[in-house]
$ cat structure_2.txt   # compact mmCIF, C-alpha atoms
# COMPACT_ATOMS: atom_id res chain seq x y z
CA MET A 113 128.56 147.59 111.99
CA ALA A 114 129.44 145.41 109.00
CA PHE A 115 126.54 143.81 107.19
CA ASN A 116 127.20 140.40 105.70
CA SER A 117 123.86 138.96 104.67
CA THR A 118 122.66 138.27 101.14
CA VAL A 119 119.22 138.16 99.54
CA GLU A 120 118.94 136.26 96.25
CA THR A 121 116.27 134.59 94.16
CA LEU A 122 116.86 130.93 93.41
CA PRO A 123 116.60 129.14 90.04
CA ALA A 124 113.40 127.23 89.26
CA MET A 125 112.79 124.06 91.24
CA GLY A 126 110.07 121.43 91.20
CA ARG A 127 107.31 121.84 93.79
CA PHE A 128 104.29 119.72 94.52
CA SER A 129 101.41 120.13 96.88
CA LEU A 130 100.55 116.71 98.32
CA ARG A 131 97.34 116.11 100.24
CA CYS A 132 96.38 112.75 101.69
CA LYS A 133 94.72 111.19 104.70
CA ARG A 134 96.68 109.86 107.62
CA GLU A 135 95.97 106.21 106.82
CA ASN A 136 97.59 106.62 103.39
CA THR A 137 100.84 108.20 104.52
CA VAL A 138 102.57 104.83 104.90
CA ALA A 139 101.86 103.94 101.27
CA MET A 140 102.91 107.42 100.13
CA SER A 141 106.18 107.20 102.07
CA LYS A 142 106.89 103.81 100.47
CA ALA A 143 106.29 105.15 96.96
CA LEU A 144 108.44 108.22 97.56
CA GLY A 145 111.24 106.18 99.12
CA PHE A 146 111.38 108.08 102.39
CA GLU A 147 109.22 108.70 105.43
CA LEU A 148 106.89 111.71 105.21
CA PRO A 149 107.29 113.91 108.30
CA SER A 150 104.52 113.36 110.83
CA SER A 151 104.25 116.68 112.64
CA ILE A 152 103.60 120.15 111.31
CA SER A 153 106.72 122.20 110.40
CA GLU A 154 108.97 119.14 110.26
CA SER A 155 110.78 118.25 107.07
CA ALA A 156 112.41 115.11 105.71
CA GLN A 157 114.70 114.67 102.76
CA SER A 158 116.19 112.01 100.60
CA GLY A 159 118.38 112.55 97.56
CA GLY A 160 117.34 115.86 96.05
CA MET A 161 113.79 115.61 97.37
CA THR A 162 112.41 117.38 100.42
CA ALA A 163 109.01 117.01 102.07
CA LEU A 164 107.76 119.69 104.44
CA LYS A 165 104.60 119.18 106.47
CA LEU A 166 102.43 122.31 106.32
CA GLY A 167 99.11 121.11 107.74
CA PRO A 168 97.51 117.99 109.24
CA ASP A 169 97.05 116.47 105.76
CA GLU A 170 99.27 118.65 103.61
CA TRP A 171 102.89 118.43 102.50
CA MET A 172 105.04 120.42 100.11
CA LEU A 173 107.49 118.36 98.09
CA THR A 174 110.46 120.06 96.45
CA CYS A 175 112.76 118.42 93.95
CA PRO A 176 114.97 119.24 90.95
CA MET A 177 112.91 120.23 87.87
CA GLU A 178 113.91 117.07 85.97
CA ALA A 179 112.76 114.74 88.79
CA ARG A 180 109.13 115.85 88.57
CA SER A 181 107.81 113.25 86.11
CA GLU A 182 109.38 110.47 88.16
CA ILE A 183 107.52 111.55 91.31
CA GLU A 184 104.27 111.92 89.40
CA LYS A 185 104.64 108.42 87.94
CA SER A 186 105.51 106.70 91.20
CA LEU A 187 102.60 108.27 93.06
CA ALA A 188 100.13 107.74 90.21
CA ALA A 189 100.95 104.02 90.37
CA ILE A 190 99.63 103.71 93.93
CA TYR A 191 96.63 106.01 93.45
CA PRO A 192 93.97 103.24 93.39
CA ASP A 193 95.12 101.96 96.81
CA ALA A 194 96.09 105.25 98.44
CA VAL A 195 93.88 108.10 97.27
CA HIS A 196 95.67 111.44 97.32
CA SER A 197 96.00 114.72 95.50
CA LEU A 198 99.33 115.64 93.94
CA THR A 199 99.47 119.01 92.19
CA ASP A 200 102.44 120.45 90.35
CA ILE A 201 102.85 124.01 91.67
CA SER A 202 106.43 124.52 90.46
CA SER A 203 105.81 127.79 88.64
CA ARG A 204 103.42 129.23 91.23
CA GLU A 205 106.19 130.36 93.55
CA VAL A 206 109.63 131.87 93.42
CA SER A 207 112.15 131.08 96.14
CA ILE A 208 114.19 133.75 97.83
CA ARG A 209 117.18 132.79 99.95
CA ILE A 210 118.31 135.01 102.81
CA SER A 211 121.60 134.01 104.36
CA GLY A 212 124.07 135.56 106.73
CA PRO A 213 124.36 136.45 110.41
CA GLU A 214 121.61 139.11 110.15
CA ALA A 215 119.14 136.89 108.25
CA GLU A 216 116.81 136.35 111.22
CA GLU A 217 116.69 140.04 112.09
CA LEU A 218 116.15 140.97 108.44
CA LEU A 219 113.10 138.69 108.21
CA SER A 220 111.72 139.89 111.51
CA THR A 221 111.21 143.34 109.94
CA SER A 222 108.10 141.98 108.17
CA CYS A 223 107.30 138.58 109.70
CA PRO A 224 105.25 138.54 112.95
CA ARG A 225 106.42 135.07 114.04
CA ASN A 226 108.99 134.59 116.76
CA LEU A 227 111.73 133.36 114.42
CA ALA A 228 114.00 132.33 117.30
CA GLU A 229 111.51 129.50 117.95
CA LEU A 230 111.79 128.19 114.38
CA LYS A 231 114.48 125.54 114.61
CA SER A 232 116.95 124.76 111.86
CA GLY A 233 115.53 122.29 109.31
CA ARG A 234 111.93 123.29 109.96
CA GLY A 235 109.54 125.31 107.87
CA VAL A 236 106.11 126.89 108.22
CA ARG A 237 103.51 128.70 106.20
CA THR A 238 103.20 132.19 107.59
CA ILE A 239 102.68 135.78 106.61
CA PHE A 240 105.26 138.35 105.46
CA ASP A 241 103.82 141.86 105.40
CA SER A 242 100.36 140.56 104.37
CA VAL A 243 101.81 138.15 101.78
CA GLN A 244 101.39 134.43 102.48
CA VAL A 245 104.78 132.74 102.27
CA ILE A 246 106.38 129.44 103.16
CA LEU A 247 109.33 130.15 105.39
CA THR A 248 111.97 127.46 105.81
CA ARG A 249 114.96 127.68 108.08
CA GLU A 250 117.50 125.71 106.05
CA GLU A 251 120.36 126.36 108.44
CA GLN A 252 120.82 128.46 111.56
CA ASN A 253 121.62 131.55 109.47
CA GLN A 254 119.95 130.64 106.21
CA PHE A 255 116.26 130.99 105.37
CA ARG A 256 114.23 130.35 102.25
CA LEU A 257 111.01 132.18 101.42
CA ASP A 258 108.66 130.63 98.87
CA VAL A 259 106.56 133.51 97.60
CA TRP A 260 103.75 133.51 95.05
CA ARG A 261 105.17 134.89 91.82
CA SER A 262 103.11 138.07 91.60
CA PHE A 263 104.10 139.10 95.15
CA VAL A 264 107.84 138.76 94.55
CA PRO A 265 108.48 142.41 93.53
CA HIS A 266 106.74 143.55 96.72
CA VAL A 267 108.64 141.16 98.99
CA MET A 268 111.99 141.83 97.28
CA GLY A 269 111.34 145.56 97.54
CA LEU A 270 110.74 145.30 101.28
CA LEU A 271 113.85 143.19 101.75
CA ARG A 272 115.92 145.63 99.70
CA VAL A 273 114.76 148.54 101.86
CA ALA A 274 115.52 146.54 105.01
CA VAL A 275 119.00 145.64 103.70
CA ALA A 276 119.67 149.32 102.90
CA GLU A 277 118.64 150.28 106.44
CA PHE A 278 120.84 147.61 107.98
CA GLU A 279 123.79 148.69 105.82
CA CYS A 280 123.66 152.27 106.99
CA GLY A 281 123.23 151.12 110.59
CA LEU A 282 119.64 152.19 111.25
CA MET B 211 98.82 141.70 119.00
CA LEU B 212 96.90 138.68 120.26
CA LEU B 213 98.73 135.37 120.41
CA ILE B 214 96.47 132.45 119.53
CA HIS B 215 97.22 128.81 120.27
CA CYS B 216 96.54 126.65 117.20
CA PRO B 217 95.44 123.16 118.37
CA TYR B 218 96.78 121.60 115.15
CA CYS B 219 100.19 123.32 115.00
CA LYS B 220 100.42 123.18 118.83
CA GLU B 221 102.03 126.61 118.94
CA LYS B 222 101.06 130.08 120.08
CA LEU B 223 101.12 132.23 116.98
CA PRO B 224 100.42 135.84 116.04
CA GLU B 225 96.85 136.87 115.32
CA LEU B 226 97.81 138.00 111.79
CA GLU B 227 97.95 134.36 110.69
CA PHE B 228 94.34 133.72 111.73
CA GLU B 229 90.88 134.77 110.66
CA TYR B 230 87.62 134.79 112.56
CA ALA B 231 84.89 132.52 111.19
CA GLY B 232 81.74 133.06 113.24
CA GLN B 233 80.00 131.31 116.11
CA ALA B 234 80.94 127.67 116.80
CA HIS B 235 78.82 124.57 117.41
CA ILE B 236 76.07 125.37 114.93
CA ALA B 237 75.14 122.08 113.30
CA ARG B 238 73.61 122.12 109.84
CA PRO B 239 70.20 120.38 109.97
CA ASP B 240 70.34 116.88 108.48
CA ASN B 241 67.47 117.52 106.11
CA PRO B 242 67.02 121.22 105.26
CA ALA B 243 63.92 120.47 103.18
CA GLU B 244 62.07 119.41 106.35
CA GLN B 245 62.84 122.65 108.16
CA THR B 246 60.22 125.30 108.61
CA ASP B 247 61.09 128.79 107.36
CA ALA B 248 61.58 129.97 110.95
CA GLU B 249 63.94 127.11 111.82
CA TRP B 250 65.95 127.63 108.64
CA ARG B 251 66.17 131.39 109.33
CA ASP B 252 67.44 130.62 112.84
CA TYR B 253 70.06 128.24 111.47
CA LEU B 254 71.26 130.73 108.85
CA PHE B 255 71.13 134.05 110.63
CA ILE B 256 70.36 133.98 114.35
CA ARG B 257 73.51 134.16 116.48
CA SER B 258 73.99 134.68 120.20
CA ASN B 259 76.10 137.89 120.30
CA VAL B 260 77.44 137.05 123.76
CA ARG B 261 78.89 139.53 126.20
CA GLY B 262 81.31 137.24 127.98
CA ASP B 263 82.67 133.81 127.06
CA HIS B 264 81.90 133.06 123.45
CA ALA B 265 82.55 129.79 121.58
CA GLU B 266 83.64 130.70 118.08
CA GLN B 267 85.37 129.34 115.02
CA TRP B 268 88.72 130.54 113.82
CA ARG B 269 90.79 129.51 110.84
CA HIS B 270 94.57 129.32 110.78
CA SER B 271 94.44 130.59 107.20
CA HIS B 272 98.08 131.62 106.83
CA GLY B 273 99.40 128.51 108.55
CA CYS B 274 98.06 124.98 108.58
CA GLY B 275 94.80 126.13 106.97
CA ARG B 276 92.54 124.37 109.50
CA TYR B 277 89.38 125.59 111.18
CA PHE B 278 89.31 125.15 114.94
CA ASN B 279 87.13 126.31 117.83
CA ALA B 280 88.03 128.81 120.49
CA LEU B 281 86.45 130.04 123.70
CA ARG B 282 87.10 133.76 123.92
CA ASN B 283 85.89 136.39 126.33
CA THR B 284 84.38 139.15 124.20
CA VAL B 285 84.93 141.76 126.90
CA SER B 286 88.58 141.15 127.78
CA ASP B 287 89.43 139.60 124.36
CA LYS B 288 91.21 136.83 126.26
CA PHE B 289 91.37 133.37 124.69
CA ILE B 290 90.33 130.91 127.39
CA ALA B 291 90.83 127.77 125.30
CA THR B 292 91.26 126.60 121.73
CA TYR B 293 90.31 123.10 120.68
CA GLU B 294 89.94 120.97 117.58
CA ILE B 295 86.75 120.84 115.55
CA GLY B 296 84.58 117.98 116.82
CA GLN B 297 85.57 118.33 120.46
CA ALA B 298 83.14 119.49 123.12
CA CYS B 299 83.26 123.08 124.32
CA PRO B 300 85.21 123.37 127.59
CA THR B 301 82.71 124.96 129.97
CA SER B 302 85.01 126.07 132.76
CA HIS B 303 86.36 129.57 132.70
CA ALA B 304 88.97 131.34 134.76
CA GLU B 305 88.19 132.86 138.13
CA GLY B 306 87.01 136.46 137.89
CA GLU B 307 86.04 136.20 134.23
CA GLU B 308 82.65 137.45 133.18
CA ASN B 309 79.94 134.84 132.75
CA ASN B 310 77.78 134.42 129.68
CA GLU B 311 75.04 136.92 130.02
CA GLN B 312 72.91 135.95 127.06
CA LEU B 313 73.63 132.28 126.36
CA GLU B 314 71.14 129.86 127.89
CA SER B 315 72.94 127.78 130.50
$ encode --input "structure_2.txt" --output "structure tokens"
Amino acid sequence: MAFNSTVETLPAMGRFSLRCKRENTVAMSKALGFELPSSISESAQSGGMTALKLGPDEWMLTCPMEARSEIEKSLAAIYPDAVHSLTDISSREVSIRISGPEAEELLSTSCPRNLAELKSGRGVRTIFDSVQVILTREEQNQFRLDVWRSFVPHVMGLLRVAVAEFECGL
Amino acid sequence: MLLIHCPYCKEKLPELEFEYAGQAHIARPDNPAEQTDAEWRDYLFIRSNVRGDHAEQWRHSHGCGRYFNALRNTVSDKFIATYEIGQACPTSHAEGEENNEQLES
């Protein structure tokens, strides 16, 4: 059986953790220029910016590195009216992209979720062999794992072993 | 592995994403300074240790991060209901399930 999936780490990107109460989401959406997703695991994007809802009052924003100060400025401007917490967590995590027809099966070696239920364009915080990760299904056969930096060697090691097993048909 | 329904994510998810966080519905006294030593000890340490349906707190720590309440049978390990913090405990339980044997009714 031919194996055609790839595992690669992605270059640095801007990440923010955004926390705010429900009544402030309208003001936040206005300042960001697009509607924040309203239910958990949904994502919304505009330009190079993506917002993923992780919890009832928590979003992860991703953007190009150079767009960070712009986001910080536009949200700081509305802070007095819409209290929120915006934290730059860009260097906390490293992103790993898994793409190819076997991507879902490859992830299922260490992730207990039913990945078939995770629809394209959605993302969740979950666990990957005891490591907390943010798993996003970017396309049907393309996933992104956001892993805390110090856990990356462990996660990459597991994925490498899984790839080797797939390649020799185990 | 147990599958637990998170009332915030509205999904049934694997137990590995959750952690247990003790008995539910224990309100902190409004003014601890007015409590007697016995009352304060009861609030801090005395728990029901039910054999049967037990209302308890869980946290979806590797998911949405929220605490929620669950009604679980401690004998069969079956989750009867999960509900958001602040909601009343659903009292009904499935036919044939064991009743609370130690909780006051």
$ interface_residues --input "structure_2.txt" --of "chain A" --to "chain B" --cutoff "6 Å" --atoms "all atoms listed in the file" --output "list in words"
Ile152, Leu166, Gly167, Arg237 and Thr238 of chain A
$ residues_around --input "structure_2.txt" --residues "Val138 (chain A)" --least-positions-apart "5" --cutoff "9 Å" --atoms "all atoms listed in the file" --output "NGL selection string"
:A and (143 or 147-148)
$ residues_around --input "structure_2.txt" --residues "region 284-288 of chain B" --least-positions-apart "5" --cutoff "7 Å" --atoms "all atoms listed in the file" --output "JSON, numbers by chain"
{"B": [261, 262, 263, 264]}
$ residues_near_point --input "structure_2.txt" --point "(108.7, 121.5, 94.5)" --cutoff "10 Å" --atoms "all atoms listed in the file" --output "number ranges by chain"
A: 124-129, 161-163, 172-177, 179-180, 199-205
$ closest_residue --input "structure_2.txt" --among "B:Asn283, B:Tyr277, B:Asn259, B:Ala265" --to "Pro300 (chain B)" --atoms "only C-alpha atoms"
B:Ala265
$ residues_around --input "structure_2.txt" --residues "Ser150 (chain A)" --least-positions-apart "5" --cutoff "9 Å" --atoms "only C-alpha atoms" --output "PyMOL selection string"
chain A and resi 137+155+165+168
$ atom_distance --input "structure_2.txt" --atom1 "CA of Leu281 (chain B)" --atom2 "CA of Glu266 (chain B)"
6.3 Å
$ residues_near_point --input "structure_2.txt" --point "(106.8, 138.3, 110.6)" --cutoff "9 Å" --atoms "only C-alpha atoms" --output "compact mmCIF listing (two decimals) with C-alpha atoms, in the coordinates of the input"
# COMPACT_ATOMS: atom_id res chain seq x y z
CA LEU A 219 113.10 138.69 108.21
CA SER A 220 111.72 139.89 111.51
CA THR A 221 111.21 143.34 109.94
CA SER A 222 108.10 141.98 108.17
CA CYS A 223 107.30 138.58 109.70
CA PRO A 224 105.25 138.54 112.95
CA ARG A 225 106.42 135.07 114.04
CA ASN A 226 108.99 134.59 116.76
CA LEU A 227 111.73 133.36 114.42
CA THR A 238 103.20 132.19 107.59
CA ILE A 239 102.68 135.78 106.61
CA PHE A 240 105.26 138.35 105.46
CA ASP A 241 103.82 141.86 105.40
CA PRO B 224 100.42 135.84 116.04
$ residues_around --input "structure_2.txt" --residues "Phe278 (chain B)" --least-positions-apart "2" --cutoff "8 Å" --atoms "only C-alpha atoms" --output "compact mmCIF listing (two decimals) with C-alpha atoms, keeping the file's coordinate frame"
# COMPACT_ATOMS: atom_id res chain seq x y z
CA CYS B 216 96.54 126.65 117.20
CA PRO B 217 95.44 123.16 118.37
CA GLN B 267 85.37 129.34 115.02
CA TRP B 268 88.72 130.54 113.82
CA ARG B 269 90.79 129.51 110.84
CA HIS B 270 94.57 129.32 110.78
CA ARG B 276 92.54 124.37 109.50
CA ALA B 280 88.03 128.81 120.49
CA THR B 292 91.26 126.60 121.73
CA TYR B 293 90.31 123.10 120.68
CA GLU B 294 89.94 120.97 117.58
CA ILE B 295 86.75 120.84 115.55
$ closest_residue --input "structure_2.txt" --among "B:Ile256, B:Ala248, B:Ala243, B:Ala234" --to "Ala298 (chain B)" --atoms "all atoms listed in the file"
B:Ala234
$ atom_distance --input "structure_2.txt" --atom1 "CA of Val243 (chain A)" --atom2 "CA of Leu198 (chain A)"
24.0 Å
$ closest_residue --input "structure_2.txt" --among "A:Ser186, A:Ser158, A:Ser232, A:Gln254" --to "Glu120 (chain A)" --atoms "only C-alpha atoms"
A:Gln254
$ build_atoms --input "structure_2.txt" --residues "region 204-239 of chain A" --atoms "N, CA and C atoms" --output "CSV table (one decimal), in the frame of the given file"
chain,number,residue,atom,x,y,z
A,204,ARG,N,104.3,128.3,90.5
A,204,ARG,CA,103.4,129.2,91.2
A,204,ARG,C,104.3,130.1,92.1
A,205,GLU,N,105.4,129.6,92.6
A,205,GLU,CA,106.2,130.4,93.6
A,205,GLU,C,107.6,130.6,93.1
A,206,VAL,N,108.2,131.6,93.6
A,206,VAL,CA,109.6,131.9,93.4
A,206,VAL,C,110.3,131.8,94.8
A,207,SER,N,111.5,131.2,94.8
A,207,SER,CA,112.2,131.1,96.1
A,207,SER,C,113.2,132.2,96.3
A,208,ILE,N,113.2,132.7,97.5
A,208,ILE,CA,114.2,133.8,97.8
A,208,ILE,C,115.0,133.2,99.0
A,209,ARG,N,116.3,133.3,98.9
A,209,ARG,CA,117.2,132.8,100.0
A,209,ARG,C,117.8,134.0,100.7
A,210,ILE,N,117.7,134.0,102.0
A,210,ILE,CA,118.3,135.0,102.8
A,210,ILE,C,119.3,134.3,103.7
A,211,SER,N,120.6,134.7,103.5
A,211,SER,CA,121.6,134.0,104.4
A,211,SER,C,122.6,135.0,104.9
A,212,GLY,N,123.1,134.7,106.1
A,212,GLY,CA,124.1,135.6,106.7
A,212,GLY,C,123.7,135.8,108.2
A,213,PRO,N,124.6,136.3,109.0
A,213,PRO,CA,124.4,136.4,110.4
A,213,PRO,C,123.1,137.3,110.7
A,214,GLU,N,122.7,138.2,109.8
A,214,GLU,CA,121.6,139.1,110.2
A,214,GLU,C,120.3,138.6,109.6
A,215,ALA,N,120.3,137.4,109.0
A,215,ALA,CA,119.1,136.9,108.2
A,215,ALA,C,117.9,136.9,109.1
A,216,GLU,N,118.0,136.4,110.4
A,216,GLU,CA,116.8,136.4,111.2
A,216,GLU,C,116.2,137.7,111.5
A,217,GLU,N,117.1,138.7,111.8
A,217,GLU,CA,116.7,140.0,112.1
A,217,GLU,C,116.1,140.7,110.9
A,218,LEU,N,116.6,140.4,109.7
A,218,LEU,CA,116.2,141.0,108.4
A,218,LEU,C,114.7,140.5,108.2
A,219,LEU,N,114.4,139.2,108.4
A,219,LEU,CA,113.1,138.7,108.2
A,219,LEU,C,112.1,139.2,109.2
A,220,SER,N,112.6,139.5,110.4
A,220,SER,CA,111.7,139.9,111.5
A,220,SER,C,111.2,141.3,111.3
A,221,THR,N,111.7,142.0,110.3
A,221,THR,CA,111.2,143.3,109.9
A,221,THR,C,109.8,143.2,109.4
A,222,SER,N,109.4,142.1,108.8
A,222,SER,CA,108.1,142.0,108.2
A,222,SER,C,107.3,140.7,108.6
A,223,CYS,N,108.0,139.8,109.3
A,223,CYS,CA,107.3,138.6,109.7
A,223,CYS,C,106.9,138.6,111.2
A,224,PRO,N,105.7,138.4,111.5
A,224,PRO,CA,105.2,138.5,113.0
A,224,PRO,C,105.6,137.3,113.8
A,225,ARG,N,106.1,136.2,113.2
A,225,ARG,CA,106.4,135.1,114.0
A,225,ARG,C,107.6,135.3,114.9
A,226,ASN,N,107.8,134.6,116.0
A,226,ASN,CA,109.0,134.6,116.8
A,226,ASN,C,110.0,133.6,116.1
A,227,LEU,N,110.9,134.2,115.3
A,227,LEU,CA,111.7,133.4,114.4
A,227,LEU,C,112.8,132.6,115.2
A,228,ALA,N,113.0,133.1,116.5
A,228,ALA,CA,114.0,132.3,117.3
A,228,ALA,C,113.5,130.9,117.6
A,229,GLU,N,112.1,130.8,117.6
A,229,GLU,CA,111.5,129.5,118.0
A,229,GLU,C,111.5,128.5,116.8
A,230,LEU,N,111.8,129.1,115.6
A,230,LEU,CA,111.8,128.2,114.4
A,230,LEU,C,113.2,127.5,114.3
A,231,LYS,N,113.2,126.2,114.5
A,231,LYS,CA,114.5,125.5,114.6
A,231,LYS,C,115.0,125.2,113.2
A,232,SER,N,116.3,125.1,113.1
A,232,SER,CA,117.0,124.8,111.9
A,232,SER,C,116.4,123.5,111.3
A,233,GLY,N,116.1,123.5,110.0
A,233,GLY,CA,115.5,122.3,109.3
A,233,GLY,C,114.0,122.3,109.3
A,234,ARG,N,113.4,123.3,109.9
A,234,ARG,CA,111.9,123.3,110.0
A,234,ARG,C,111.4,124.4,109.1
A,235,GLY,N,110.1,124.3,108.7
A,235,GLY,CA,109.5,125.3,107.9
A,235,GLY,C,108.1,125.4,108.2
A,236,VAL,N,107.5,126.6,107.9
A,236,VAL,CA,106.1,126.9,108.2
A,236,VAL,C,105.5,127.8,107.1
A,237,ARG,N,104.2,127.7,107.0
A,237,ARG,CA,103.5,128.7,106.2
A,237,ARG,C,103.2,129.8,107.1
A,238,THR,N,103.5,131.1,106.7
A,238,THR,CA,103.2,132.2,107.6
A,238,THR,C,102.9,133.4,106.7
A,239,ILE,N,103.0,134.6,107.3
A,239,ILE,CA,102.7,135.8,106.6
A,239,ILE,C,103.9,136.7,106.7
